[in-house]
Structures are given as C-alpha cells and as structure tokens.
Amino acid sequence: MRTAGARNQASGTAFTAVAAVPHAWLLVAGALLAPALAAAQDTAAHRDTTAFELGQVTVIGVATPQLPVSLSTTLLRGDQLREAPGAPLGRAIAQIPGVRVLSTGPQVSKPVIRGLSGPRVLVADAGHRIEDYSWSEEDAPSADVALAGEVQVTRGPASLRYGSDALGGVVNIVPLPLPTAPLARSALRPMLQVDGATNNKSFGGLARFEGFGNGIGWRVAGSGRFAGDYSAPRGEVPHTGFAEANAEAALGRVGAHGVTTLRLAHTGGEYQLIEAGAPPPAAGAREEGPERKSLDDRLQLAHELPLGGGASLALRGQLQRHSLVEMSDECGQPSCPPVTPGQEQVAFDLLLNTATAEAALQHTLGSAVRGTLGLSTLVQKSRSAGPVLLVPTATGSANGIFLIEEAALSRLVLSGGARVDRRTIDPGTKDLVPVYPAPPSELRRRSWSATSADVGATLAVAGPLSLAANHGTAWRAPTLFELYANGPHLAESRYEIGDSRLDAERSHESDVSLRWRGNVVRAELTAFRNDVDDFIYVAPTGATVNGLRVFEHRSTDARLDGGEAAIDVALGGRGLLRARHEIVRGTDRRAGEPLPLVAPARTMVGAQLGAGLFAHAPRLSVDVTHVARQTRPNPDDIVTDAYTTLDLGAGWGFGASLPWYGASPVAVDLLVRNATNVSYRDFLGRYKELADEPGRNLVLRVTLAR
C-alpha cells in the first residue's frame, strides 16, 4: 500500500498536456479550464494487496486506482522493470499471466491481453491515454519502462475508466515520484546504468538526476539504445537493427492549494524491418528493407486540489504529437516517382496531434464508501502525406462522463459504475487514389455513442482465501485505418482495404478469481469469458496488387475464454519458487471456427535465490518457458511448432567509492536469454514466415545509484 505522500505524487504526475503542437500552452490552459476528467480514486485501503514474485521484487496485485477493485491487476516496479534491460514495453510485462507480446523481432513489441491486442489494449502514461497508430505492427507504444517507476497491468474491460480502446485491458505506466523535500545526502541524486548484449551487439544506457530546491522537486532523465542485426541459431537476420533515444523532464510542487506537476516526455526511434516477399539480394549485396521512424512528444500538466471533507478535485491535460514515417526503395504504387538504386524515399508520412483534458471529483461517504465522478474530452487531427496515402487526413473527437463507486462492508468489497461516451471521426474531402480495382471506402463522417458498466465484488472467505468476481461491458470505435485504408504496406507485404461501414466493437466479459494470500504460499486462479460483438479483423482476399496480397477489414462476432493460474512459494526469505500457466480460446461465433492469431497455451516455471538490487549478496534465477503448438488455428493462421526456452540470471551488489561519482552502491547483473540456443518461431511473431527468433543472448548490466 502506498503512503499518502506517494499517492499524492502519483496523482500529481497525472495531468497531461502534451505540447508538441502549436500554441501548446494555450491548449493546456484550455484543458485545465474545460470540464474534463477523472483522477485516480484511491481505493488502496480496501484492496487485496496480494504479492506475486516475478523476479527480485514483489508484484502487488492491487487494482489500478481508477478501476473497480474486482478486476485482475498486477503491479510491476523496481528491479522487476530492470530484469530485461533494453526490452520494449511488451516484453517487459510478458511474464504476467494472461499477457503476451505481438513482436517484430527484438525491435518492436505490443502487449496482448487475454487474446486481444492493438487498439483493444490501451497504453496510458500516468493514467492518461497514449494515442498512436496502433493499426501497424511496427508502431509500438511510445513508452520506455526504463524511465518508469511502476507499470500497472489490468486484465479485463476498462472502458468504464478510459472509454474506447480499453476493451481488453490497460497498461498504465506510472512515472517515478518526484522528491518532496531536500535530499538527505546531497542536493543531487544521480542514477547511472549501462548495459550491452551479445546477440545483436546492442549497447544502451540510462542517466537520471533529481533533486529538490526552493519548494520544487525536479527530475531529468534520458536513455538510449543502439543495436545491430540480431542473430538466430541458424545465422544472422539482416536488416533488423534499430536505434532509440528517450527522455523526460518533470517539475512538481506541493503547496497549500494542492499538488502541481509539469512533465515532458519524449520517445523516438528508427527501426529496420524485413520486407516480406522481397526478392533475395544480388550476390555480395546486403539485404535492405523498409525503415520506420517514430517520434512521440507529450507535455503533461496536473493539479490536485483538496476540497475538505474527504473530497478532492483533480485536473489534468495532455498535448501529444505522434509521428510515423516509413522509408522504402519502392512505394507499391505505379504513380510513385522512380528511386535511385541504393536510395530510399518516404513511402508514407503520418502525423497525429491530440489534446486531452480530464477533471474528476473524488468523494467519500463515511469510512466505507468512496467514488469518483469524472468528465473527459479529446480532440485530434491525423495528417497523411507522402506518395502513399494510406488514409485521408481526418479529425476526431471524444467526450465521456463516468461514475465509479466502491463500498467496503466488513469482509465484502463491492464496486460498480457506469460511463457514457461519444466519439467521432471525420475524414477530409481529399479522395484517396486506390490501385485496387474496387471502389474505395466512402469518405463519410462516422460517430458512435456507447455506454459501459461494471459490477464486481471481492469476498474474504476465510483466512488468506478470497474470492473475486467481475462483469463489465466495454467498447471500441473502429480506427481510421479500419474504416478508410486503401494502400500498400510494404513492411507487412500487403495491400489493405478499409470498410467505412464497420460498427463499433462491444464486449461483455465476466471473470472469477480465487486467491490465496498466505505468508508462504500466494496463488491465484482465474477464469474468464469475453463475448465481443462486431469484432474487427483483417483477412486475405486471395487477390494481389503489384505483387502484394490484398487484405480487407471485416467484422464478426467473437468469443474469447480461458484462464490463468499463478503460484509463488517463499523460501524462508532466501528466495522463491514460481509457476504460471495460461490458455485462451478464440472462436468466430458466426463462422463457427477459431479466431485468427490467438496464441497457444503457455507454461512458465522458475526459481529465484538471493536478495534484490544492491543487496550485498549474490542472487541467482532460472526460468523455463514452454509454449505449446496451436491446435485450434484459424484457416488463415500460420502455425508454429511448440518450443521451450531457458533463461538464466545472476547478480551481485557491493559498495564503491568512485572519484568522479562518490560513494555509491553498485549492482552488476548478467542475464542469459535462450541459454540453450533453441531455434524457434513464435506464433505471435510477425517474422515467423521469414526467420527464427533470436538465439542465445548474454546481457551485462551495471547500475550505480545513490
């Protein structure tokens, strides 16, 4: 459970106003004055603070404060976020039961929760949604877990809190709290980290400095990573290198009139991609392919005002600028200008500007009831440029109002709420120039109104045994690409056709969890069922355009059901044993056949010996992961074989006094991923038709902190 000061810092980081668009400060001020959104409802005092150990730190199973207590939520922080240095967000959370990763080699990964991915899983920064181009497997969430303080992963319907796109779950990245008083040892608290890996010859680093002065806490941090082509057991996979640079700066002040926080976050990278279906390179020539360039800037501003009587008002807003550019030596359109051999040109250039604002009134009734009444608003514009106009330039808006209530009645905690949303997409008048010999989707304005609701309960049955049940409805509006796309994706080797007639997805999910929270054994068993009406998917048509397979966006009614099991056994303070198992079944209810791209069952077992980061003692870990073969594939799926991988870890900590740094604890970690160098292809990997996953990889990391 967090202290009150930590809670204030977490919510203080929450006002989001991202100034990467013109007149950013005016938009932020407008966001603060507009009636808009719900800040976090702190229900931690009533929540089941279960712990699962997935590394050197406890993962506490408390729900995200803005969401019902009965939803399954896992909290990662500290060493656990550093266990896989350089890993993108999806891989950093992939050890959580029910969470998988949709990957493009080691460069890009996107979270998959209970069989749902892309725009059905919302990624938030300090509780505020991150807007991006989730249609693309190469546009990963714009977040760096190396700069985070916590990552909260909620499995289940979260539209009650976030509106559209949180149908499958939410990954909320919480920044580190800012200092609220002068530091004990010095005016400056630094942290430095470097790491390198052998498989793709990567090198990365992190630097963070923070302090407190004149009543203001502050922090600046930056991280970067450079990597070459990765190696599979059968050889190097060309054109898979990447480079990233991320940073943040934050200021915070706690005063008589509340907590105010200003934060600027930047992520960016350039990723080399294999071109599916490309002809082999000439003898002696290096294979080339498309490159994606992604940039994201967010300016966030928050203020939390105590009102007395157990009530508070939280205001926050965000301005975000997200850019996605693909470079290629061809663009897949006959109208494209010729390119000089060996050179590349812009294939498409997409820019998304988004402004959001939120306001929430948090209230209590006695000592048992608390809740949040919130409003939210969003406006955005997507610009499309380049030789390939995949989609038209468009504008969009969204507005919502919601109420969440929670009551603690002795051994029973009840939660519930409702939300009403309206969302609009309005394409520009400029027509696309399709190559595919079919009429393009009609460029017409679309809007959707939706309601979401959630009811749940958690019952302390006896001793450490508790039972939780939840039922929620959620929804997702179609994306700009699902509605209006008409163009080639060279990196994905397909020509994509949208359908402007698509309706919004609507889901009904129920889950039940049995939890044991003892001092030695902690376990959880969960079963769920999720019916999704008008489920949108991409299917091949059998036609081709300029050598590219044509895919269309279609809809059906889907059902996903399955379960998750986890158990941790403490070894008397000397470590722990752990085991995880998960399974998801996806069914097309209209066609009576399996849904496409639903991952097969996975089992994980492991052991951890020793203490955490900076402890002056050795620590060892071993983890075995087995992924089964998918026995219920969709007819269009490419089935991969079952595989088993072994990961090893070792580390130790010691004190050191460096002339240029001063006295500091030092931690050294050595990780060996895929230690047995298994050759395998992952069912959720985009390169599964082209190359194996990475082979053995030795990672060395050194961390210095005060």
# chains A, B, ... in the order shown; residues from 1 in each chain; ligands from 1
>>> residues_around(residues="Gly235 in chain A", least_positions_apart="3", cutoff="10 Å", atoms="only C-alpha atoms", output="JSON, numbers by chain")
{"A": [230, 231, 232, 238, 691, 692, 694, 695]}
>>> write_last_selection(atoms="N, CA and C atoms", output="JSON list (two decimals), in the first residue's frame")
[["chain", "number", "residue", "atom", "x", "y", "z"],
["A", 230, "TYR", "N", 20.01, -8.86, -35.46],
["A", 230, "TYR", "CA", 20.02, -9.94, -34.47],
["A", 230, "TYR", "C", 20.40, -11.26, -35.13],
["A", 231, "SER", "N", 20.84, -12.19, -34.28],
["A", 231, "SER", "CA", 21.28, -13.50, -34.75],
["A", 231, "SER", "C", 20.33, -14.57, -34.26],
["A", 232, "ALA", "N", 19.86, -15.40, -35.17],
["A", 232, "ALA", "CA", 19.10, -16.60, -34.84],
["A", 232, "ALA", "C", 20.08, -17.77, -34.79],
["A", 238, "PRO", "N", 19.37, -10.28, -41.50],
["A", 238, "PRO", "CA", 19.73, -8.93, -41.95],
["A", 238, "PRO", "C", 18.59, -7.93, -41.80],
["A", 691, "ALA", "N", 11.95, -15.74, -40.53],
["A", 691, "ALA", "CA", 13.18, -16.00, -39.77],
["A", 691, "ALA", "C", 12.83, -16.52, -38.39],
["A", 692, "ASP", "N", 13.82, -17.20, -37.76],
["A", 692, "ASP", "CA", 13.67, -17.64, -36.38],
["A", 692, "ASP", "C", 13.77, -16.46, -35.43],
["A", 694, "PRO", "N", 15.39, -14.64, -31.94],
["A", 694, "PRO", "CA", 16.80, -14.54, -31.55],
["A", 694, "PRO", "C", 17.29, -15.76, -30.79],
["A", 695, "GLY", "N", 18.57, -16.10, -31.03],
["A", 695, "GLY", "CA", 19.21, -17.20, -30.32],
["A", 695, "GLY", "C", 19.77, -16.74, -28.99]]
>>> residues_around(residues="range 163-180 of chain A", least_positions_apart="3", cutoff="7 Å", atoms="only C-alpha atoms", output="JSON, numbers by chain")
{"A": [6, 9, 10, 113, 116, 119, 120, 121, 122, 123, 124, 125, 126, 127, 148, 149, 150, 151, 152, 153, 154, 155, 156, 157, 158, 159, 160, 211, 212, 217, 218, 219, 252, 421, 474, 475, 476, 477]}
>>> write_last_selection(atoms="C-alpha atoms", output="mmCIF file, in the first residue's frame")
data_model
loop_
_atom_site.group_PDB
_atom_site.id
_atom_site.type_symbol
_atom_site.label_atom_id
_atom_site.label_comp_id
_atom_site.auth_asym_id
_atom_site.auth_seq_id
_atom_site.Cartn_x
_atom_site.Cartn_y
_atom_site.Cartn_z
ATOM 1 C CA ALA A 6 3.389 8.623 -2.609
ATOM 2 C CA GLN A 9 2.918 12.241 -6.100
ATOM 3 C CA ALA A 10 1.406 9.577 -8.353
ATOM 4 C CA ILE A 113 -4.029 -9.279 -23.033
ATOM 5 C CA LEU A 116 -6.711 -9.053 -27.556
ATOM 6 C CA PRO A 119 -6.193 -0.746 -30.277
ATOM 7 C CA ARG A 120 -8.058 -3.091 -27.913
ATOM 8 C CA VAL A 121 -5.311 -2.703 -25.281
ATOM 9 C CA LEU A 122 -4.912 0.860 -24.079
ATOM 10 C CA VAL A 123 -1.463 2.065 -23.024
ATOM 11 C CA ALA A 124 -1.551 5.021 -20.646
ATOM 12 C CA ASP A 125 1.147 7.318 -19.283
ATOM 13 C CA ALA A 126 0.443 8.490 -15.710
ATOM 14 C CA GLY A 127 -3.140 7.380 -16.238
ATOM 15 C CA ALA A 148 9.119 4.339 -15.255
ATOM 16 C CA GLY A 149 8.516 3.965 -11.546
ATOM 17 C CA GLU A 150 5.693 1.438 -11.857
ATOM 18 C CA VAL A 151 3.754 -0.388 -14.541
ATOM 19 C CA GLN A 152 0.148 -1.340 -13.712
ATOM 20 C CA VAL A 153 -1.347 -4.038 -15.955
ATOM 21 C CA THR A 154 -5.123 -4.523 -15.769
ATOM 22 C CA ARG A 155 -6.593 -7.585 -17.462
ATOM 23 C CA GLY A 156 -10.240 -7.153 -18.387
ATOM 24 C CA PRO A 157 -12.710 -4.481 -19.566
ATOM 25 C CA ALA A 158 -11.584 -0.967 -18.616
ATOM 26 C CA SER A 159 -13.854 1.218 -20.778
ATOM 27 C CA LEU A 160 -15.563 2.338 -17.550
ATOM 28 C CA GLY A 211 16.670 16.938 -6.569
ATOM 29 C CA PHE A 212 14.664 19.427 -4.525
ATOM 30 C CA GLY A 217 11.072 18.744 -6.815
ATOM 31 C CA TRP A 218 12.613 18.066 -10.204
ATOM 32 C CA ARG A 219 13.949 15.258 -12.380
ATOM 33 C CA GLY A 252 6.474 19.242 -9.046
ATOM 34 C CA ASP A 421 -19.209 8.100 -24.405
ATOM 35 C CA ALA A 474 -16.632 -2.291 -22.909
ATOM 36 C CA TRP A 475 -16.408 -0.908 -26.428
ATOM 37 C CA ARG A 476 -14.021 0.238 -29.152
ATOM 38 C CA ALA A 477 -14.617 2.538 -32.096
#
>>> residues_around(residues="Ala207 in chain A", least_positions_apart="2", cutoff="10 Å", atoms="only C-alpha atoms", output="number ranges by chain")
A: 147, 190-194, 205, 209, 220-224, 247, 703-705
>>> write_last_selection(atoms="N, CA and C atoms", output="PDB file, in the first residue's frame")
ATOM      1  N   LEU A 147      12.456   4.292 -17.739  1.00  0.00           N
ATOM      2  CA  LEU A 147      12.237   5.580 -17.086  1.00  0.00           C
ATOM      3  C   LEU A 147      11.037   5.556 -16.145  1.00  0.00           C
ATOM      4  N   PRO A 190      21.891  11.212  -8.295  1.00  0.00           N
ATOM      5  CA  PRO A 190      22.065  10.653  -9.642  1.00  0.00           C
ATOM      6  C   PRO A 190      21.828   9.146  -9.671  1.00  0.00           C
ATOM      7  N   MET A 191      21.569   8.633 -10.855  1.00  0.00           N
ATOM      8  CA  MET A 191      21.499   7.202 -11.102  1.00  0.00           C
ATOM      9  C   MET A 191      22.000   6.951 -12.512  1.00  0.00           C
ATOM     10  N   LEU A 192      22.955   6.037 -12.658  1.00  0.00           N
ATOM     11  CA  LEU A 192      23.547   5.743 -13.956  1.00  0.00           C
ATOM     12  C   LEU A 192      23.477   4.242 -14.202  1.00  0.00           C
ATOM     13  N   GLN A 193      23.249   3.869 -15.457  1.00  0.00           N
ATOM     14  CA  GLN A 193      23.173   2.454 -15.811  1.00  0.00           C
ATOM     15  C   GLN A 193      23.661   2.268 -17.240  1.00  0.00           C
ATOM     16  N   VAL A 194      24.452   1.228 -17.455  1.00  0.00           N
ATOM     17  CA  VAL A 194      24.886   0.874 -18.804  1.00  0.00           C
ATOM     18  C   VAL A 194      24.679  -0.625 -18.977  1.00  0.00           C
ATOM     19  N   GLY A 205      22.147   2.784 -22.375  1.00  0.00           N
ATOM     20  CA  GLY A 205      22.455   3.453 -21.129  1.00  0.00           C
ATOM     21  C   GLY A 205      21.292   4.272 -20.634  1.00  0.00           C
ATOM     22  N   PHE A 209      18.841  12.226 -12.986  1.00  0.00           N
ATOM     23  CA  PHE A 209      19.245  13.145 -11.937  1.00  0.00           C
ATOM     24  C   PHE A 209      17.993  13.800 -11.374  1.00  0.00           C
ATOM     25  N   VAL A 220      15.370  15.039 -14.321  1.00  0.00           N
ATOM     26  CA  VAL A 220      15.664  14.920 -15.751  1.00  0.00           C
ATOM     27  C   VAL A 220      16.264  13.533 -15.965  1.00  0.00           C
ATOM     28  N   ALA A 221      15.907  12.895 -17.052  1.00  0.00           N
ATOM     29  CA  ALA A 221      16.385  11.539 -17.316  1.00  0.00           C
ATOM     30  C   ALA A 221      16.429  11.303 -18.811  1.00  0.00           C
ATOM     31  N   GLY A 222      17.314  10.428 -19.210  1.00  0.00           N
ATOM     32  CA  GLY A 222      17.408  10.065 -20.617  1.00  0.00           C
ATOM     33  C   GLY A 222      17.935   8.654 -20.771  1.00  0.00           C
ATOM     34  N   SER A 223      17.525   7.997 -21.837  1.00  0.00           N
ATOM     35  CA  SER A 223      18.011   6.651 -22.134  1.00  0.00           C
ATOM     36  C   SER A 223      18.204   6.520 -23.637  1.00  0.00           C
ATOM     37  N   GLY A 224      19.082   5.635 -24.032  1.00  0.00           N
ATOM     38  CA  GLY A 224      19.326   5.406 -25.447  1.00  0.00           C
ATOM     39  C   GLY A 224      19.775   3.980 -25.688  1.00  0.00           C
ATOM     40  N   ALA A 247      13.587  10.435 -23.358  1.00  0.00           N
ATOM     41  CA  ALA A 247      13.933  11.381 -22.302  1.00  0.00           C
ATOM     42  C   ALA A 247      12.677  11.860 -21.595  1.00  0.00           C
ATOM     43  N   THR A 703      24.758  -0.950 -12.689  1.00  0.00           N
ATOM     44  CA  THR A 703      23.924   0.145 -12.197  1.00  0.00           C
ATOM     45  C   THR A 703      24.593   0.800 -11.002  1.00  0.00           C
ATOM     46  N   LEU A 704      24.650   2.137 -11.028  1.00  0.00           N
ATOM     47  CA  LEU A 704      25.161   2.925  -9.911  1.00  0.00           C
ATOM     48  C   LEU A 704      24.060   3.868  -9.461  1.00  0.00           C
ATOM     49  N   ALA A 705      23.838   3.953  -8.167  1.00  0.00           N
ATOM     50  CA  ALA A 705      22.774   4.816  -7.661  1.00  0.00           C
ATOM     51  C   ALA A 705      23.148   5.315  -6.282  1.00  0.00           C
TER      52      ALA A 705
END
>>> closest_residue(among="A:Ala570, A:Leu307, A:Val521, A:Ala468", to="Thr364 in chain A", atoms="only C-alpha atoms")
A:Leu307
>>> closest_residue(among="A:Leu576, A:Leu273, A:Ala450, A:Leu251", to="Leu690 in chain A", atoms="only C-alpha atoms")
A:Leu273
>>> residues_around(residues="Ala243 in chain A", least_positions_apart="3", cutoff="7 Å", atoms="only C-alpha atoms", output="PDB file with N, CA and C atoms, in the first residue's frame")
ATOM      1  N   ARG A 225      19.604   3.531 -26.917  1.00  0.00           N
ATOM      2  CA  ARG A 225      19.980   2.158 -27.256  1.00  0.00           C
ATOM      3  C   ARG A 225      20.298   2.074 -28.749  1.00  0.00           C
ATOM      4  N   PHE A 226      21.370   1.359 -29.045  1.00  0.00           N
ATOM      5  CA  PHE A 226      21.762   1.099 -30.426  1.00  0.00           C
ATOM      6  C   PHE A 226      21.964  -0.400 -30.583  1.00  0.00           C
ATOM      7  N   ALA A 227      21.447  -0.976 -31.662  1.00  0.00           N
ATOM      8  CA  ALA A 227      21.550  -2.417 -31.864  1.00  0.00           C
ATOM      9  C   ALA A 227      21.722  -2.723 -33.342  1.00  0.00           C
ATOM     10  N   GLY A 269      12.591   6.586 -32.237  1.00  0.00           N
ATOM     11  CA  GLY A 269      13.451   5.517 -32.703  1.00  0.00           C
ATOM     12  C   GLY A 269      13.369   5.322 -34.194  1.00  0.00           C
ATOM     13  N   GLU A 270      14.350   4.613 -34.723  1.00  0.00           N
ATOM     14  CA  GLU A 270      14.378   4.236 -36.129  1.00  0.00           C
ATOM     15  C   GLU A 270      14.608   2.735 -36.195  1.00  0.00           C
ATOM     16  N   TYR A 271      13.752   2.021 -36.927  1.00  0.00           N
ATOM     17  CA  TYR A 271      13.734   0.565 -36.902  1.00  0.00           C
ATOM     18  C   TYR A 271      13.847   0.015 -38.319  1.00  0.00           C
TER      19      TYR A 271
END
>>> closest_residue(among="A:Ile536, A:Leu671, A:Ile638, A:Leu483", to="Lys688 in chain A", atoms="only C-alpha atoms")
A:Ile638
>>> decode(residues="range 108-195 of chain A", atoms="C-alpha atoms", output="PDB file, in the first residue's frame")
ATOM      1  CA  VAL A 108       9.127  -3.729 -31.596  1.00  0.00           C
ATOM      2  CA  SER A 109       6.602  -5.396 -29.318  1.00  0.00           C
ATOM      3  CA  LYS A 110       2.958  -4.728 -28.492  1.00  0.00           C
ATOM      4  CA  PRO A 111       1.097  -6.094 -25.454  1.00  0.00           C
ATOM      5  CA  VAL A 112      -1.568  -8.776 -25.913  1.00  0.00           C
ATOM      6  CA  ILE A 113      -4.029  -9.279 -23.033  1.00  0.00           C
ATOM      7  CA  ARG A 114      -6.250 -12.362 -22.976  1.00  0.00           C
ATOM      8  CA  GLY A 115      -6.031 -12.732 -26.754  1.00  0.00           C
ATOM      9  CA  LEU A 116      -6.711  -9.053 -27.556  1.00  0.00           C
ATOM     10  CA  SER A 117      -4.110  -6.647 -28.936  1.00  0.00           C
ATOM     11  CA  GLY A 118      -3.576  -3.449 -30.916  1.00  0.00           C
ATOM     12  CA  PRO A 119      -6.193  -0.746 -30.277  1.00  0.00           C
ATOM     13  CA  ARG A 120      -8.058  -3.091 -27.913  1.00  0.00           C
ATOM     14  CA  VAL A 121      -5.311  -2.703 -25.281  1.00  0.00           C
ATOM     15  CA  LEU A 122      -4.912   0.860 -24.079  1.00  0.00           C
ATOM     16  CA  VAL A 123      -1.463   2.065 -23.024  1.00  0.00           C
ATOM     17  CA  ALA A 124      -1.551   5.021 -20.646  1.00  0.00           C
ATOM     18  CA  ASP A 125       1.147   7.318 -19.283  1.00  0.00           C
ATOM     19  CA  ALA A 126       0.443   8.490 -15.710  1.00  0.00           C
ATOM     20  CA  GLY A 127      -3.140   7.380 -16.238  1.00  0.00           C
ATOM     21  CA  HIS A 128      -3.545   9.343 -19.464  1.00  0.00           C
ATOM     22  CA  ARG A 129      -4.118   7.541 -22.755  1.00  0.00           C
ATOM     23  CA  ILE A 130      -1.332   7.433 -25.345  1.00  0.00           C
ATOM     24  CA  GLU A 131      -2.655   7.972 -28.862  1.00  0.00           C
ATOM     25  CA  ASP A 132      -0.768   6.383 -31.766  1.00  0.00           C
ATOM     26  CA  TYR A 133      -1.207   4.400 -34.985  1.00  0.00           C
ATOM     27  CA  SER A 134      -1.989   1.027 -33.418  1.00  0.00           C
ATOM     28  CA  TRP A 135      -3.107  -0.396 -36.779  1.00  0.00           C
ATOM     29  CA  SER A 136       0.544  -1.124 -37.515  1.00  0.00           C
ATOM     30  CA  GLU A 137       2.502  -3.981 -36.006  1.00  0.00           C
ATOM     31  CA  GLU A 138       5.570  -1.734 -36.280  1.00  0.00           C
ATOM     32  CA  ASP A 139       4.144   1.204 -34.287  1.00  0.00           C
ATOM     33  CA  ALA A 140       4.804   0.169 -30.692  1.00  0.00           C
ATOM     34  CA  PRO A 141       3.537   2.054 -27.622  1.00  0.00           C
ATOM     35  CA  SER A 142       5.551   5.220 -27.086  1.00  0.00           C
ATOM     36  CA  ALA A 143       6.919   4.376 -23.655  1.00  0.00           C
ATOM     37  CA  ASP A 144      10.234   3.458 -22.055  1.00  0.00           C
ATOM     38  CA  VAL A 145       9.911   1.227 -18.987  1.00  0.00           C
ATOM     39  CA  ALA A 146      13.490   2.100 -18.008  1.00  0.00           C
ATOM     40  CA  LEU A 147      12.237   5.580 -17.086  1.00  0.00           C
ATOM     41  CA  ALA A 148       9.119   4.339 -15.255  1.00  0.00           C
ATOM     42  CA  GLY A 149       8.516   3.965 -11.546  1.00  0.00           C
ATOM     43  CA  GLU A 150       5.693   1.438 -11.857  1.00  0.00           C
ATOM     44  CA  VAL A 151       3.754  -0.388 -14.541  1.00  0.00           C
ATOM     45  CA  GLN A 152       0.148  -1.340 -13.712  1.00  0.00           C
ATOM     46  CA  VAL A 153      -1.347  -4.038 -15.955  1.00  0.00           C
ATOM     47  CA  THR A 154      -5.123  -4.523 -15.769  1.00  0.00           C
ATOM     48  CA  ARG A 155      -6.593  -7.585 -17.462  1.00  0.00           C
ATOM     49  CA  GLY A 156     -10.240  -7.153 -18.387  1.00  0.00           C
ATOM     50  CA  PRO A 157     -12.710  -4.481 -19.566  1.00  0.00           C
ATOM     51  CA  ALA A 158     -11.584  -0.967 -18.616  1.00  0.00           C
ATOM     52  CA  SER A 159     -13.854   1.218 -20.778  1.00  0.00           C
ATOM     53  CA  LEU A 160     -15.563   2.338 -17.550  1.00  0.00           C
ATOM     54  CA  ARG A 161     -12.486   4.425 -16.806  1.00  0.00           C
ATOM     55  CA  TYR A 162     -10.950   5.076 -20.214  1.00  0.00           C
ATOM     56  CA  GLY A 163     -13.766   4.867 -22.777  1.00  0.00           C
ATOM     57  CA  SER A 164     -12.975   3.495 -26.233  1.00  0.00           C
ATOM     58  CA  ASP A 165      -9.964   1.199 -26.809  1.00  0.00           C
ATOM     59  CA  ALA A 166      -9.678  -0.277 -23.285  1.00  0.00           C
ATOM     60  CA  LEU A 167     -11.766  -3.304 -24.269  1.00  0.00           C
ATOM     61  CA  GLY A 168      -9.072  -5.878 -23.482  1.00  0.00           C
ATOM     62  CA  GLY A 169      -7.198  -4.149 -20.691  1.00  0.00           C
ATOM     63  CA  VAL A 170      -4.908  -1.278 -19.740  1.00  0.00           C
ATOM     64  CA  VAL A 171      -1.155  -0.930 -19.311  1.00  0.00           C
ATOM     65  CA  ASN A 172      -0.602   2.177 -17.186  1.00  0.00           C
ATOM     66  CA  ILE A 173       2.981   3.471 -16.951  1.00  0.00           C
ATOM     67  CA  VAL A 174       3.438   5.494 -13.765  1.00  0.00           C
ATOM     68  CA  PRO A 175       6.430   7.866 -13.561  1.00  0.00           C
ATOM     69  CA  LEU A 176       8.711   7.867 -10.544  1.00  0.00           C
ATOM     70  CA  PRO A 177       7.534  10.185  -7.751  1.00  0.00           C
ATOM     71  CA  LEU A 178       9.376  13.464  -7.530  1.00  0.00           C
ATOM     72  CA  PRO A 179      11.286  14.456  -4.378  1.00  0.00           C
ATOM     73  CA  THR A 180       9.071  16.426  -1.962  1.00  0.00           C
ATOM     74  CA  ALA A 181      11.786  17.538   0.483  1.00  0.00           C
ATOM     75  CA  PRO A 182      15.532  18.266   0.435  1.00  0.00           C
ATOM     76  CA  LEU A 183      17.582  15.127  -0.140  1.00  0.00           C
ATOM     77  CA  ALA A 184      19.300  13.662   2.883  1.00  0.00           C
ATOM     78  CA  ARG A 185      22.823  13.325   1.483  1.00  0.00           C
ATOM     79  CA  SER A 186      23.202  15.995  -1.191  1.00  0.00           C
ATOM     80  CA  ALA A 187      21.318  18.422  -3.384  1.00  0.00           C
ATOM     81  CA  LEU A 188      21.523  15.988  -6.280  1.00  0.00           C
ATOM     82  CA  ARG A 189      20.599  12.300  -6.514  1.00  0.00           C
ATOM     83  CA  PRO A 190      22.065  10.653  -9.642  1.00  0.00           C
ATOM     84  CA  MET A 191      21.499   7.202 -11.102  1.00  0.00           C
ATOM     85  CA  LEU A 192      23.547   5.743 -13.956  1.00  0.00           C
ATOM     86  CA  GLN A 193      23.173   2.454 -15.811  1.00  0.00           C
ATOM     87  CA  VAL A 194      24.886   0.874 -18.804  1.00  0.00           C
ATOM     88  CA  ASP A 195      24.243  -2.466 -20.470  1.00  0.00           C
TER      89      ASP A 195
END
